[in-house]
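Worksheet: the structure to be examined is printed underneath.
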2 protein chains.
Amino acid sequence: MLEVDCSILTPEPVLKASGHVERFADLMTKDVKSGECFRLDHLIKAHLEKIKSEKNTKLELKAEIEDILIKLDGMNADEMSALMKRFDMKSPISGNELTPPIEFNLMFNTQIGPSGLVKGFLRPETAQGIFVNFKRLLEFNQGRLPFAAAQIGNSFRNEISPRSGLLRVREFTMCEIEHFCDCKDHPKFESVKDTSMLLYSADSQEQGRPAEIMTIGDAVAKKIVNNETLGYFMARIHLYMLAVGIDPKKLRFRQHMGNEMAHYACDCWDAECLTSYGWVECVGCADRSAYDLTQHTKATGIRLAAEKKLPAPKQIEIIEAVPNKAAIGKEFKKDAKVINDALAALEPTTLEELHNKLESDGEYNLDTTNGNFKLTPNLVCVKKSQKTVHVEEIIPSVIEPSFGIGRILYTILEHNFKMREGDEQRTYFSLPPAVAPMKCAVLPLSGNAEFQPFVKELSKELISVDVSHKVDDSSGSIGRRYARTDELGVPYAITVDFDTMKEPHSVTLRERDSMGQVRLPLSDVPAVVRDLANAKISWVDVEAKYPKFEQQENVKGAAA
Amino acid sequence: MLEVDCSILTPEPVLKASGHVERFADLMTKDVKSGECFRLDHLIKAHLEKIKSEKNTKLELKAEIEDILIKLDGMNADEMSALMKRFDMKSPISGNELTPPIEFNLMFNTQIGPSGLVKGFLRPETAQGIFVNFKRLLEFNQGRLPFAAAQIGNSFRNEISPRSGLLRVREFTMCEIEHFCDCKDHPKFESVKDTSMLLYSADSQEQGRPAEIMTIGDAVAKKIVNNETLGYFMARIHLYMLAVGIDPKKLRFRQHMGNEMAHYACDCWDAECLTSYGWVECVGCADRSAYDLTQHTKATGIRLAAEKKLPAPKQIEIIEAVPNKAAIGKEFKKDAKVINDALAALEPTTLEELHNKLESDGEYNLDTTNGNFKLTPNLVCVKKSQKTVHVEEIIPSVIEPSFGIGRILYTILEHNFKMREGDEQRTYFSLPPAVAPMKCAVLPLSGNAEFQPFVKELSKELISVDVSHKVDDSSGSIGRRYARTDELGVPYAITVDFDTMKEPHSVTLRERDSMGQVRLPLSDVPAVVRDLANAKISWVDVEAKYPKFEQQENVKGAAA
């Protein structure tokens, strides 16, 4: 996988080719008096949910509203406009009339350079930077498919109503992988096929059936998931989400329904997490087919394609227009270039027609950007020839896992915020070591000066094995300081106590979630914590190797 | 040091407070007919250098031009305009007349939100994000000074003429550290004071003396460098530049002269690297004093200050206006709030005046945003009291090292591009392991299938110790494949050969710059390469521990 870092500022033509200039918009409506803007689907949803919750709303209407809410995501401007009229929607703030739906493009625009004439946008996704660099990336991979490129960076969407903390913001960090392939089987699919996942297919959604747990192997075999490569990435997303601390019971993959699928996608599944805001899309996994590379090829005339060796060489027929450039130049002067370009761009069927017309009528009317020109056999002829080719050109398909890091981070915090049983004052974050900002705390049992050299030495050794840590030598009981590191989500704590000073030197090591402790030699502890932090070993391994350290932790009220 | 990741989109008020809206501009001139824009200092420099290089230019004029070129950086619009007229400068492209100098603000602007009314900019530096978050960062550091915050991210400047590859671009990666302190001595200065650096002081530049090598300890002692903290960071920048592969002979620190120093800085040194484009500023190190926090405090009314414990408690006099809010409300109705706010914001000297006027005249005219109001003693009185304080409020100074990553990267590539002696075809990058994207190559001596299990096992083990590597099992002699990895700057290569298959299994390890090789046990090699890559050990250590492997490397023409 090749990592790239493309620019955020994107010239307009790139985003015209990708369809963003035309289509990357949300519908909004404005208060006709104050000019206040509302995102239309949010407004409709809030309005209908209010009606639904009212006591005197009839059961039939409630059922109908439920149906509308499911379909809302896929509705167009006319359908939403009809809903506004039918339910007589007004500004929820002022009660004023609202405008009809307005398309609002979500890209931030700016001018590039001092002339003010070159329009640019802040990228709305990182993917386009990879597509426009496709040729160079393919070269880096020695021209071979499949390969993937990945990018981590900020994207920008001028949301009509930002809300819900990190869930809907105007600037956010994305990680996108574009996997280019000509065949959708995947050599590593075997390694993930037994991964069990909660899948909510388009069919289940339409039929009102719940999501169901199945292995990704079954889902691909049953054609619920379109192909192995899409399935492979879905499984890897699932495993990633568990590794960073998402609660597997609050994670599902929901398939896009026909009406909400992006225009380019042939299958798309969202990894959604259940939070206090409901199910939130955190990762998208789409099969974008050959859409993007085809669009950029059309816009630039540069073929974004790979070559694939044919099983055997093949004879193909070449048909081309051969202009008599000197004669054309003499006859058409300044239009000559346009005519030559138009001839070079003719499709095979038009070339056949040109050939036939020149033979039958002795002339052909060529359509160009500068108008029509009459061509005669002395100006152009059509040549047919045979050519042996060893490769075929293919525009690869793209499978795209796209991670919203802010949303994943928010969900990690919600899913890992816990309370100690029986003491709701004592809260902690059960962050996996992989994502905990600090892997370890170093705590002297008390302010005794004799502990200091051991604390300093430990800190130095943890630095040398690249373990981020925090020394907490503030006053306060050891129980209170454990509680403080728990609140920060620090997974391990090393305590220096009076026994540490005796030979052989030893310390205690405590695990946050279980609050279990072991006693181990001082010299072992940096490597043990490093291996725990990097998931090379588990806490169970540590408990099996070292004696349990039994000392009552002052639990009750420790955080007070 | 606290790492933060602030937003790129910045609302206008932040950059108004920082002075960027008003002052962050370059001078340009336009071709009066075509409208083409030129950065004025670049245009003048090119024009004068051309005159200077002409044969028939008099020696006196040449000397004068040299003097102008040195002072150009600090010239204002009028001075540059005078030069344009004196030397009759025209557009270098069309020969057309040029406009007088125009100030062009270098920030990209956009609108935030759907109304189109909220103006924002792409940040021109990452520093401001740290300043506006100062209060929160101080809290994270338990309210104590000194502390530093650091940020890595993209900044944007709408350059009039981008040029020179990565050296002048419109979007670039910066790393900035803001070190907040109340005292400019530095506890770790001792550890760097013997660092020898090439210093080019403002004084030397003015006197026409060359840069000189001295220790940072001497430079601070002689007051060439303003203070220890600035000196500490300069030394750390120097050590960093050497660690990433900058040639020490092509690195100097140049002090800003009075006329080029930013309005906020009290001392500033640039780490400059000599490249084929001349001396290029790669890192700035400025003492910004309390400028930024003071500006943001003024703009927002929120005090961005820290508290410092006084050596002993102190009695201070408090003077404040005490409004009779009920009476003011009754008398002034809707203006009451403005009056109360104005009273609360009065400075001590004005409060004295209020006190005196009320006593002497029985009234006081209060100036507010809603106009003048006459206040009488029944509406307001002035209270003086004593208070014991234990802390004093201070606005900390800021020392700011600011790294331009693109420029450093470019310089690393230039300084490390080398040729093997006697074979100019055979080029390589002498990238230090710390910055080489691939730390190691794994090469089977030939396509012999028996080598494969060893290659796979090695690759797996290198992954497990986090060493990025590349397996090159393509055909081609081992010498040619070494040359290929050298061209990519891969510092180490492990070769699996026929002896590897014998017990005890062993491989060769080759170092790129010296092309020296050792033979070592297969099981040792992953840890050895990891420690070399992380600079825990050096190649000299490895050569001392393991036997030299003597085999003629096919040097001549290997890269052909």
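Quick note on naming: the chains in the structure tokens go A, B, ... in the order shown, residues restart at 1 in each chain, and ligands are numbered from 1 in order of appearance.
All C-alpha atoms of chain A and chain B, which share one sequence, were paired in order; after least-squares superposition their RMSD is 0.5 Å.
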Pull the closest atom pair for each residue of chain B that gets at most 8 Å from chain A, along with the distance in Å to one decimal, counting only C-alpha atoms, ordering rows by chain and then ascending residue number, as CSV.
residue,atom,partner,partner_atom,distance
B:Ser7,CA,A:Glu171,CA,7.0
B:Ile8,CA,A:Glu171,CA,7.8
B:Leu9,CA,A:Glu171,CA,7.5
B:Gly35,CA,A:Ser115,CA,7.7
B:Glu36,CA,A:Ser115,CA,7.5
B:Cys37,CA,A:Pro114,CA,6.8
B:Phe104,CA,A:Pro114,CA,7.4
B:Phe108,CA,A:Thr110,CA,6.5
B:Asn109,CA,A:Thr110,CA,6.0
B:Thr110,CA,A:Thr110,CA,5.4
B:Gln111,CA,A:Phe108,CA,7.0
B:Ile112,CA,A:Asn158,CA,6.6
B:Gly113,CA,A:Asn158,CA,5.7
B:Pro114,CA,A:Ile160,CA,5.6
B:Ser115,CA,A:Cys37,CA,7.0
B:Asn158,CA,A:Gly113,CA,5.7
B:Glu159,CA,A:Gly113,CA,6.5
B:Ile160,CA,A:Pro114,CA,5.6
B:Ser161,CA,A:Gly113,CA,7.9
B:Glu171,CA,A:Ser7,CA,7.0
Write out as number ranges by chain the residues lying within 12 Å of B:Asp466, counting only C-alpha atoms and excluding same-chain residues fewer than 5 positions away. A: 534, 536; B: 438-440, 459-461, 526-527, 529-531, 533-534
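Going from atom CA of A:Ile537 to atom CA of A:Pro433 covers 11.5 Å.
Checking B:Glu317, B:Ala449, B:Ile102, B:Pro437 one by one against A:Glu3, counting only C-alpha atoms, you find the shortest gap at B:Pro437.
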Would you pick out the contacts of stretch 223-234 of chain B at 8 Å or less, using only C-alpha atoms, so that residues sharing its chain but fewer than 5 positions from it are not included, and give the list as a PyMOL selection string? chain B and resi 184-186+188-189+192-193+201+216-217+267+269+285-287+399+401
With DSSP run on the backbone, what are the strand (DSSP E or B) residues within stretch 255-302 of chain B? I'd like them as a PDB file with N, CA, C and O atoms, in the first residue's frame.
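Writing done, so here's out-v3.pdb:
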ATOM      1  N   GLN B 255      21.028  35.821  11.835  1.00  0.00           N
ATOM      2  CA  GLN B 255      20.172  36.662  12.673  1.00  0.00           C
ATOM      3  C   GLN B 255      19.438  37.673  11.793  1.00  0.00           C
ATOM      4  O   GLN B 255      20.008  38.196  10.827  1.00  0.00           O
ATOM      5  N   ASP B 267      14.118  38.975  19.049  1.00  0.00           N
ATOM      6  CA  ASP B 267      15.331  38.440  18.411  1.00  0.00           C
ATOM      7  C   ASP B 267      14.860  37.284  17.534  1.00  0.00           C
ATOM      8  O   ASP B 267      13.870  36.623  17.846  1.00  0.00           O
ATOM      9  N   CYS B 268      15.554  37.064  16.436  1.00  0.00           N
ATOM     10  CA  CYS B 268      15.139  36.007  15.521  1.00  0.00           C
ATOM     11  C   CYS B 268      16.337  35.508  14.727  1.00  0.00           C
ATOM     12  O   CYS B 268      17.125  36.298  14.211  1.00  0.00           O
ATOM     13  N   TRP B 269      16.491  34.184  14.696  1.00  0.00           N
ATOM     14  CA  TRP B 269      17.572  33.555  13.921  1.00  0.00           C
ATOM     15  C   TRP B 269      16.948  32.539  12.965  1.00  0.00           C
ATOM     16  O   TRP B 269      16.102  31.749  13.365  1.00  0.00           O
ATOM     17  N   ASP B 270      17.414  32.551  11.716  1.00  0.00           N
ATOM     18  CA  ASP B 270      16.962  31.544  10.762  1.00  0.00           C
ATOM     19  C   ASP B 270      18.049  30.498  10.562  1.00  0.00           C
ATOM     20  O   ASP B 270      19.210  30.865  10.337  1.00  0.00           O
ATOM     21  N   ALA B 271      17.663  29.217  10.626  1.00  0.00           N
ATOM     22  CA  ALA B 271      18.589  28.169  10.199  1.00  0.00           C
ATOM     23  C   ALA B 271      18.500  28.112   8.681  1.00  0.00           C
ATOM     24  O   ALA B 271      17.434  27.849   8.130  1.00  0.00           O
ATOM     25  N   GLU B 272      19.613  28.445   8.018  1.00  0.00           N
ATOM     26  CA  GLU B 272      19.634  28.483   6.558  1.00  0.00           C
ATOM     27  C   GLU B 272      20.525  27.368   6.022  1.00  0.00           C
ATOM     28  O   GLU B 272      21.572  27.075   6.595  1.00  0.00           O
ATOM     29  N   CYS B 273      20.102  26.775   4.908  1.00  0.00           N
ATOM     30  CA  CYS B 273      20.895  25.711   4.288  1.00  0.00           C
ATOM     31  C   CYS B 273      21.342  26.165   2.906  1.00  0.00           C
ATOM     32  O   CYS B 273      20.573  26.775   2.160  1.00  0.00           O
ATOM     33  N   LEU B 274      22.582  25.816   2.587  1.00  0.00           N
ATOM     34  CA  LEU B 274      23.096  26.157   1.264  1.00  0.00           C
ATOM     35  C   LEU B 274      22.654  25.082   0.268  1.00  0.00           C
ATOM     36  O   LEU B 274      22.939  23.899   0.441  1.00  0.00           O
ATOM     37  N   THR B 275      21.909  25.512  -0.755  1.00  0.00           N
ATOM     38  CA  THR B 275      21.438  24.589  -1.790  1.00  0.00           C
ATOM     39  C   THR B 275      21.819  25.184  -3.137  1.00  0.00           C
ATOM     40  O   THR B 275      22.406  26.268  -3.199  1.00  0.00           O
ATOM     41  N   GLY B 278      20.995  28.704  -3.550  1.00  0.00           N
ATOM     42  CA  GLY B 278      21.591  29.639  -2.598  1.00  0.00           C
ATOM     43  C   GLY B 278      21.224  29.256  -1.171  1.00  0.00           C
ATOM     44  O   GLY B 278      20.771  28.131  -0.919  1.00  0.00           O
ATOM     45  N   TRP B 279      21.428  30.184  -0.231  1.00  0.00           N
ATOM     46  CA  TRP B 279      21.073  29.936   1.171  1.00  0.00           C
ATOM     47  C   TRP B 279      19.560  30.029   1.329  1.00  0.00           C
ATOM     48  O   TRP B 279      18.963  31.041   0.980  1.00  0.00           O
ATOM     49  N   VAL B 280      18.960  28.984   1.845  1.00  0.00           N
ATOM     50  CA  VAL B 280      17.503  28.913   1.959  1.00  0.00           C
ATOM     51  C   VAL B 280      17.098  28.802   3.420  1.00  0.00           C
ATOM     52  O   VAL B 280      17.616  27.940   4.147  1.00  0.00           O
ATOM     53  N   GLU B 281      16.174  29.640   3.841  1.00  0.00           N
ATOM     54  CA  GLU B 281      15.654  29.572   5.207  1.00  0.00           C
ATOM     55  C   GLU B 281      14.841  28.291   5.379  1.00  0.00           C
ATOM     56  O   GLU B 281      13.855  28.090   4.675  1.00  0.00           O
ATOM     57  N   CYS B 282      15.251  27.428   6.318  1.00  0.00           N
ATOM     58  CA  CYS B 282      14.533  26.173   6.543  1.00  0.00           C
ATOM     59  C   CYS B 282      13.815  26.140   7.891  1.00  0.00           C
ATOM     60  O   CYS B 282      12.789  25.494   8.040  1.00  0.00           O
ATOM     61  N   VAL B 283      14.397  26.794   8.882  1.00  0.00           N
ATOM     62  CA  VAL B 283      13.788  26.842  10.215  1.00  0.00           C
ATOM     63  C   VAL B 283      13.944  28.264  10.736  1.00  0.00           C
ATOM     64  O   VAL B 283      14.995  28.875  10.559  1.00  0.00           O
ATOM     65  N   GLY B 284      12.905  28.786  11.333  1.00  0.00           N
ATOM     66  CA  GLY B 284      13.024  30.078  12.000  1.00  0.00           C
ATOM     67  C   GLY B 284      13.002  29.845  13.497  1.00  0.00           C
ATOM     68  O   GLY B 284      12.367  28.908  13.970  1.00  0.00           O
ATOM     69  N   CYS B 285      13.707  30.664  14.236  1.00  0.00           N
ATOM     70  CA  CYS B 285      13.661  30.540  15.693  1.00  0.00           C
ATOM     71  C   CYS B 285      13.554  31.955  16.263  1.00  0.00           C
ATOM     72  O   CYS B 285      14.526  32.699  16.269  1.00  0.00           O
ATOM     73  N   ALA B 286      12.341  32.313  16.688  1.00  0.00           N
ATOM     74  CA  ALA B 286      12.085  33.701  17.080  1.00  0.00           C
ATOM     75  C   ALA B 286      11.686  33.801  18.535  1.00  0.00           C
ATOM     76  O   ALA B 286      11.025  32.919  19.076  1.00  0.00           O
ATOM     77  N   ASP B 287      12.091  34.868  19.155  1.00  0.00           N
ATOM     78  CA  ASP B 287      11.577  35.232  20.469  1.00  0.00           C
ATOM     79  C   ASP B 287      10.447  36.219  20.207  1.00  0.00           C
ATOM     80  O   ASP B 287      10.686  37.382  19.882  1.00  0.00           O
ATOM     81  N   ARG B 288       9.179  35.751  20.288  1.00  0.00           N
ATOM     82  CA  ARG B 288       8.026  36.592  19.947  1.00  0.00           C
ATOM     83  C   ARG B 288       7.586  37.439  21.131  1.00  0.00           C
ATOM     84  O   ARG B 288       6.549  38.104  21.048  1.00  0.00           O
ATOM     85  N   SER B 289       8.326  37.348  22.213  1.00  0.00           N
ATOM     86  CA  SER B 289       7.973  38.021  23.473  1.00  0.00           C
ATOM     87  C   SER B 289       6.499  37.763  23.805  1.00  0.00           C
ATOM     88  O   SER B 289       5.998  36.679  23.527  1.00  0.00           O
TER      89      SER B 289
END
Mind pulling up the distance from atom CA of A:Ser402 to atom CA of A:Asn133? 18.0 Å
So that I can check the surroundings of A:Lys314, please list as a PyMOL selection string every protein, DNA and RNA residue that reaches within 10 Å of it, counting only C-alpha atoms and ignoring chain neighbours fewer than 6 positions away. chain A and resi 387-392
Written selection (N, CA, C and O atoms) as a PDB file, in the first residue's frame:
ATOM      1  N   LYS A 387      -2.625  -5.115 -36.405  1.00  0.00           N
ATOM      2  CA  LYS A 387      -1.544  -4.913 -35.450  1.00  0.00           C
ATOM      3  C   LYS A 387      -1.566  -6.066 -34.441  1.00  0.00           C
ATOM      4  O   LYS A 387      -2.645  -6.520 -34.048  1.00  0.00           O
ATOM      5  N   THR A 388      -0.387  -6.522 -34.040  1.00  0.00           N
ATOM      6  CA  THR A 388      -0.324  -7.575 -33.025  1.00  0.00           C
ATOM      7  C   THR A 388      -0.162  -6.915 -31.657  1.00  0.00           C
ATOM      8  O   THR A 388       0.759  -6.125 -31.459  1.00  0.00           O
ATOM      9  N   VAL A 389      -1.064  -7.211 -30.744  1.00  0.00           N
ATOM     10  CA  VAL A 389      -0.927  -6.629 -29.402  1.00  0.00           C
ATOM     11  C   VAL A 389      -0.712  -7.728 -28.374  1.00  0.00           C
ATOM     12  O   VAL A 389      -1.242  -8.836 -28.508  1.00  0.00           O
ATOM     13  N   HIS A 390       0.108  -7.402 -27.353  1.00  0.00           N
ATOM     14  CA  HIS A 390       0.436  -8.369 -26.302  1.00  0.00           C
ATOM     15  C   HIS A 390      -0.258  -8.026 -24.990  1.00  0.00           C
ATOM     16  O   HIS A 390      -0.250  -8.812 -24.065  1.00  0.00           O
ATOM     17  N   VAL A 391      -0.790  -6.814 -24.920  1.00  0.00           N
ATOM     18  CA  VAL A 391      -1.442  -6.386 -23.672  1.00  0.00           C
ATOM     19  C   VAL A 391      -2.805  -5.786 -23.997  1.00  0.00           C
ATOM     20  O   VAL A 391      -3.056  -5.366 -25.125  1.00  0.00           O
ATOM     21  N   GLU A 392      -3.665  -5.794 -23.017  1.00  0.00           N
ATOM     22  CA  GLU A 392      -4.911  -5.049 -23.197  1.00  0.00           C
ATOM     23  C   GLU A 392      -4.948  -3.947 -22.141  1.00  0.00           C
ATOM     24  O   GLU A 392      -4.362  -4.079 -21.067  1.00  0.00           O
TER      25      GLU A 392
END
Two-atom distance - atom CA of A:Pro146, atom CA of A:Cys183 (Å): 8.2 Å
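Candidate residues B:Leu166, B:Met75, B:Ala17, B:Leu375 were compared for distance to B:Ala299, and the nearest is B:Ala17, using only C-alpha atoms.
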Quick one: residues within 12 Å of B:Lys62, only C-alpha atoms counted, chain neighbours fewer than 3 positions away excluded, as a ChimeraX atom specification? /B:48-59,65-69
Expected file: the selected residues, N, CA and C atoms, as a PDB file, in the first residue's frame:
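Ended up saving to result.pdb:
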ATOM      1  N   LEU B  48      18.002  43.921 -11.471  1.00  0.00           N
ATOM      2  CA  LEU B  48      19.289  44.475 -11.049  1.00  0.00           C
ATOM      3  C   LEU B  48      20.431  43.492 -11.286  1.00  0.00           C
ATOM      4  N   GLU B  49      20.151  42.203 -11.077  1.00  0.00           N
ATOM      5  CA  GLU B  49      21.204  41.213 -11.310  1.00  0.00           C
ATOM      6  C   GLU B  49      21.598  41.170 -12.778  1.00  0.00           C
ATOM      7  N   LYS B  50      20.607  41.417 -13.645  1.00  0.00           N
ATOM      8  CA  LYS B  50      20.900  41.440 -15.083  1.00  0.00           C
ATOM      9  C   LYS B  50      21.826  42.632 -15.399  1.00  0.00           C
ATOM     10  N   ILE B  51      21.489  43.806 -14.865  1.00  0.00           N
ATOM     11  CA  ILE B  51      22.330  44.989 -15.095  1.00  0.00           C
ATOM     12  C   ILE B  51      23.750  44.740 -14.580  1.00  0.00           C
ATOM     13  N   LYS B  52      23.798  44.142 -13.376  1.00  0.00           N
ATOM     14  CA  LYS B  52      25.095  43.904 -12.736  1.00  0.00           C
ATOM     15  C   LYS B  52      25.967  42.978 -13.595  1.00  0.00           C
ATOM     16  N   SER B  53      25.326  42.036 -14.276  1.00  0.00           N
ATOM     17  CA  SER B  53      26.099  41.049 -15.037  1.00  0.00           C
ATOM     18  C   SER B  53      26.501  41.555 -16.429  1.00  0.00           C
ATOM     19  N   GLU B  54      25.972  42.717 -16.814  1.00  0.00           N
ATOM     20  CA  GLU B  54      26.305  43.207 -18.153  1.00  0.00           C
ATOM     21  C   GLU B  54      27.725  43.763 -18.198  1.00  0.00           C
ATOM     22  N   LYS B  55      28.386  43.525 -19.345  1.00  0.00           N
ATOM     23  CA  LYS B  55      29.807  43.887 -19.480  1.00  0.00           C
ATOM     24  C   LYS B  55      30.061  45.379 -19.270  1.00  0.00           C
ATOM     25  N   ASN B  56      29.240  46.205 -19.906  1.00  0.00           N
ATOM     26  CA  ASN B  56      29.542  47.634 -19.888  1.00  0.00           C
ATOM     27  C   ASN B  56      28.973  48.388 -18.669  1.00  0.00           C
ATOM     28  N   THR B  57      28.499  47.629 -17.653  1.00  0.00           N
ATOM     29  CA  THR B  57      28.059  48.309 -16.429  1.00  0.00           C
ATOM     30  C   THR B  57      29.301  48.763 -15.652  1.00  0.00           C
ATOM     31  N   LYS B  58      29.247  50.028 -15.200  1.00  0.00           N
ATOM     32  CA  LYS B  58      30.404  50.571 -14.484  1.00  0.00           C
ATOM     33  C   LYS B  58      30.564  49.930 -13.117  1.00  0.00           C
ATOM     34  N   LEU B  59      31.804  49.854 -12.651  1.00  0.00           N
ATOM     35  CA  LEU B  59      32.101  49.236 -11.360  1.00  0.00           C
ATOM     36  C   LEU B  59      31.342  49.880 -10.216  1.00  0.00           C
ATOM     37  N   ILE B  65      24.548  48.392  -6.780  1.00  0.00           N
ATOM     38  CA  ILE B  65      23.508  47.361  -6.929  1.00  0.00           C
ATOM     39  C   ILE B  65      23.667  46.286  -5.866  1.00  0.00           C
ATOM     40  N   GLU B  66      24.928  45.892  -5.633  1.00  0.00           N
ATOM     41  CA  GLU B  66      25.173  44.886  -4.596  1.00  0.00           C
ATOM     42  C   GLU B  66      24.615  45.344  -3.253  1.00  0.00           C
ATOM     43  N   ASP B  67      24.823  46.587  -2.946  1.00  0.00           N
ATOM     44  CA  ASP B  67      24.332  47.152  -1.695  1.00  0.00           C
ATOM     45  C   ASP B  67      22.795  47.149  -1.655  1.00  0.00           C
ATOM     46  N   ILE B  68      22.181  47.527  -2.802  1.00  0.00           N
ATOM     47  CA  ILE B  68      20.709  47.529  -2.874  1.00  0.00           C
ATOM     48  C   ILE B  68      20.168  46.123  -2.641  1.00  0.00           C
ATOM     49  N   LEU B  69      20.816  45.134  -3.267  1.00  0.00           N
ATOM     50  CA  LEU B  69      20.319  43.756  -3.155  1.00  0.00           C
ATOM     51  C   LEU B  69      20.334  43.264  -1.709  1.00  0.00           C
TER      52      LEU B  69
END
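The residue set within 8 Å of B:Pro396, counting only C-alpha atoms and dropping same-chain residues fewer than 5 places from it, reads Phe180, Cys181, Asp182, Ser289, Ala290, Leu293, Ala305 and Ala306 of chain B.
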Grab the residues selected above and save them as a CSV table (one decimal), in the first residue's frame with all heavy atoms.
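After the write, result_6.csv holds the following:
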chain,number,residue,atom,x,y,z
B,180,PHE,N,6.3,28.6,26.1
B,180,PHE,CA,5.8,29.7,26.9
B,180,PHE,C,6.6,29.7,28.2
B,180,PHE,O,6.7,28.7,28.9
B,180,PHE,CB,4.3,29.5,27.3
B,180,PHE,CG,3.4,29.5,26.1
B,180,PHE,CD1,2.9,28.3,25.5
B,180,PHE,CD2,3.0,30.7,25.5
B,180,PHE,CE1,2.1,28.3,24.4
B,180,PHE,CE2,2.1,30.7,24.4
B,180,PHE,CZ,1.7,29.5,23.9
B,181,CYS,N,7.1,30.9,28.5
B,181,CYS,CA,8.0,31.0,29.7
B,181,CYS,C,7.9,32.4,30.3
B,181,CYS,O,7.6,33.4,29.6
B,181,CYS,CB,9.4,30.6,29.4
B,181,CYS,SG,10.1,31.5,28.1
B,182,ASP,N,8.2,32.4,31.6
B,182,ASP,CA,8.3,33.8,32.2
B,182,ASP,C,9.7,34.2,32.5
B,182,ASP,O,10.0,35.3,32.8
B,182,ASP,CB,7.5,33.8,33.6
B,182,ASP,CG,7.9,32.7,34.5
B,182,ASP,OD1,8.4,31.6,34.0
B,182,ASP,OD2,7.8,32.9,35.7
B,289,SER,N,8.3,37.3,22.2
B,289,SER,CA,8.0,38.0,23.5
B,289,SER,C,6.5,37.8,23.8
B,289,SER,O,6.0,36.7,23.5
B,289,SER,CB,8.3,39.5,23.4
B,289,SER,OG,7.5,40.2,22.5
B,290,ALA,N,5.8,38.7,24.4
B,290,ALA,CA,4.4,38.5,24.8
B,290,ALA,C,3.4,39.0,23.8
B,290,ALA,O,2.2,39.1,24.1
B,290,ALA,CB,4.2,39.1,26.2
B,293,LEU,N,-0.1,36.7,22.8
B,293,LEU,CA,-1.1,36.5,23.8
B,293,LEU,C,-1.6,37.9,24.2
B,293,LEU,O,-2.8,38.0,24.5
B,293,LEU,CB,-0.4,35.9,25.0
B,293,LEU,CG,0.0,34.4,24.8
B,293,LEU,CD1,0.6,33.8,26.1
B,293,LEU,CD2,-1.1,33.5,24.4
B,305,ALA,N,-3.2,34.7,30.3
B,305,ALA,CA,-2.1,34.9,31.2
B,305,ALA,C,-2.0,33.8,32.2
B,305,ALA,O,-2.9,33.0,32.4
B,305,ALA,CB,-2.4,36.2,32.0
B,306,ALA,N,-0.8,33.7,32.8
B,306,ALA,CA,-0.6,32.6,33.8
B,306,ALA,C,-0.4,33.3,35.2
B,306,ALA,O,-0.2,34.5,35.2
B,306,ALA,CB,0.6,31.8,33.4
